[in-house]
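coords37.txt, holding compact mmCIF, C-alpha atoms:
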# COMPACT_ATOMS: atom_id res chain seq x y z
CA MET A 1 -4.93 -28.03 6.81
CA ASN A 2 -5.08 -24.30 7.44
CA LYS A 3 -2.50 -22.07 5.83
CA VAL A 4 -1.28 -18.65 6.93
CA THR A 5 0.32 -16.17 4.52
CA LEU A 6 2.07 -13.12 5.94
CA VAL A 7 2.34 -10.03 3.78
CA ARG A 8 4.12 -6.81 4.57
CA HIS A 9 2.43 -3.55 3.60
CA GLY A 10 2.88 -2.19 0.10
CA ILE A 11 5.53 0.30 -0.95
CA LEU A 12 4.92 3.71 0.58
CA LYS A 13 4.54 6.93 -1.40
CA LYS A 14 7.54 9.22 -1.70
CA PRO A 15 9.46 10.30 0.36
CA TYR A 16 8.71 7.28 2.57
CA ASP A 17 9.46 4.69 -0.11
CA ASP A 18 13.16 4.40 0.77
CA TYR A 19 13.87 3.95 4.47
CA SER A 20 17.60 4.49 3.91
CA LYS A 21 16.91 8.13 3.02
CA LEU A 22 14.70 8.89 6.03
CA SER A 23 15.88 10.66 9.13
CA PHE A 24 15.83 8.95 12.51
CA HIS A 25 12.91 11.23 13.44
CA GLN A 26 10.88 10.14 10.39
CA LEU A 27 11.62 6.46 11.06
CA SER A 28 10.56 6.90 14.69
CA GLU A 29 7.30 8.56 13.67
CA LEU A 30 6.59 5.72 11.24
CA ALA A 31 7.32 3.09 13.89
CA GLU A 32 5.16 4.85 16.47
CA GLN A 33 2.42 5.43 13.87
CA LYS A 34 2.51 9.17 14.51
CA ILE A 35 2.54 9.51 10.73
CA GLN A 36 0.68 7.14 8.44
CA PRO A 37 1.73 7.72 4.85
CA HIS A 38 -0.28 6.10 2.08
CA ILE A 39 1.07 3.34 -0.11
CA ASP A 40 2.02 3.91 -3.74
CA PRO A 41 -0.94 2.20 -5.44
CA THR A 42 0.76 1.75 -8.81
CA GLU A 43 3.92 0.07 -7.53
CA SER A 44 2.10 -1.92 -4.87
CA MET A 45 -0.49 -3.18 -7.38
CA ARG A 46 2.32 -4.24 -9.73
CA LEU A 47 3.88 -6.31 -6.92
CA ALA A 48 0.53 -7.76 -5.85
CA LYS A 49 -0.25 -8.89 -9.41
CA LYS A 50 3.25 -10.35 -9.75
CA ASN A 51 2.65 -12.42 -6.59
CA LYS A 52 -1.02 -13.19 -7.24
CA LYS A 53 -0.49 -16.96 -6.96
CA LEU A 54 0.48 -16.49 -3.30
CA PHE A 55 -2.98 -15.05 -2.61
CA LYS A 56 -5.17 -17.58 -4.45
CA ASP A 57 -6.12 -19.60 -1.37
CA ILE A 58 -6.90 -16.65 0.90
CA ASP A 59 -10.27 -16.87 2.67
CA VAL A 60 -9.92 -13.88 4.99
CA ILE A 61 -7.43 -11.05 5.49
CA LEU A 62 -6.46 -9.92 8.97
CA CYS A 63 -4.73 -6.56 8.94
CA ALA A 64 -3.51 -3.89 11.32
CA PRO A 65 -5.72 -0.79 11.58
CA ASN A 66 -3.16 1.60 10.03
CA ASN A 67 -3.61 3.12 6.56
CA ARG A 68 -0.84 1.23 4.81
CA SER A 69 -2.06 -2.18 6.03
CA ILE A 70 -5.66 -1.48 5.05
CA GLU A 71 -4.67 -0.11 1.63
CA THR A 72 -2.42 -3.12 0.97
CA SER A 73 -5.23 -5.51 1.96
CA GLN A 74 -7.61 -3.75 -0.42
CA LEU A 75 -5.08 -4.06 -3.26
CA VAL A 76 -4.70 -7.79 -2.61
CA VAL A 77 -8.46 -8.24 -2.75
CA ARG A 78 -8.59 -6.35 -6.08
CA CYS A 79 -6.08 -8.85 -7.50
CA LEU A 80 -8.27 -11.82 -6.62
CA ASP A 81 -11.13 -13.26 -8.61
CA LYS A 82 -13.29 -13.57 -5.50
CA THR A 83 -14.57 -11.51 -2.59
CA VAL A 84 -12.47 -11.82 0.54
CA PRO A 85 -13.40 -10.12 3.83
CA ILE A 86 -10.88 -7.78 5.45
CA LYS A 87 -10.91 -7.81 9.24
CA LYS A 88 -8.94 -5.23 11.18
CA THR A 89 -7.04 -6.43 14.23
CA VAL A 90 -6.69 -4.40 17.39
Starting from the file, give its structure as structure tokens.
Amino acid sequence: MNKVTLVRHGILKKPYDDYSKLSFHQLSELAEQKIQPHIDPTESMRLAKKNKKLFKDIDVILCAPNNRSIETSQLVVRCLDKTVPIKKTV
């Protein structure tokens, strides 16, 4: 049986790491992908390693074409003991 695991992007770098502190304008730009902040690699890697067992059966990663999705996918692959292709969706 096939299995699908959904993962949200990693934690964003400051000042985008806490949505409750962002202005409506900043939130709108994030939602519309007018700005594409990078993820915080240290914190996101910590979370990926903590949840490594969720990723053990992954054969392929499908991700959105934005920076934070690609960076998160790359971090997940680094946590695995195997090579997993990353395919960007449209």
Write out, as CSV, each residue of stretch 50-76 of chain A that has an atom at most 6 Å from stretch 1-23 of chain A, together with the closest pair of atoms and their distance in Å to one decimal, counting all atoms listed in the file, rows going by chain and rising number.
residue,atom,partner,partner_atom,distance
A:Arg68,CA,A:His9,CA,5.9
A:Ser69,CA,A:His9,CA,5.3
A:Thr72,CA,A:Gly10,CA,5.5
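Of the residues listed (A:Pro65, A:Phe55, A:Val60, A:Ser44), A:Phe55 shows the shortest atom-to-atom separation from A:Asp81; distances use only C-alpha atoms.
Distances to A:Asn67 were evaluated for A:Cys79, A:Ile39, A:Glu29, A:Lys34 using only C-alpha atoms, and the minimum falls at A:Ile39.
The residue that comes closest to A:Cys63, out of A:Leu47, A:Val90, A:Leu27, A:Val77 and on the basis of only C-alpha atoms, is A:Val90.
The space between atom CA of A:Lys87 and atom CA of A:Gln74 spans 11.0 Å.
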Exercise. Could you jot down the atom CA of A:Leu62 to atom CA of A:Thr89 separation for me, Å, one decimal place?
Key: 6.3 Å
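For the pair atom CA of A:Lys82 and atom CA of A:Ala64, the separation is 21.7 Å.
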Centre, edges in Å (one decimal): axis-aligned box, stretch 26-42 of chain A, 5 Å padding on all six sides, as JSON:
{"center_x": 5.3, "center_y": 5.9, "center_z": 3.8, "size_x": 22.6, "size_y": 18.4, "size_z": 35.3}
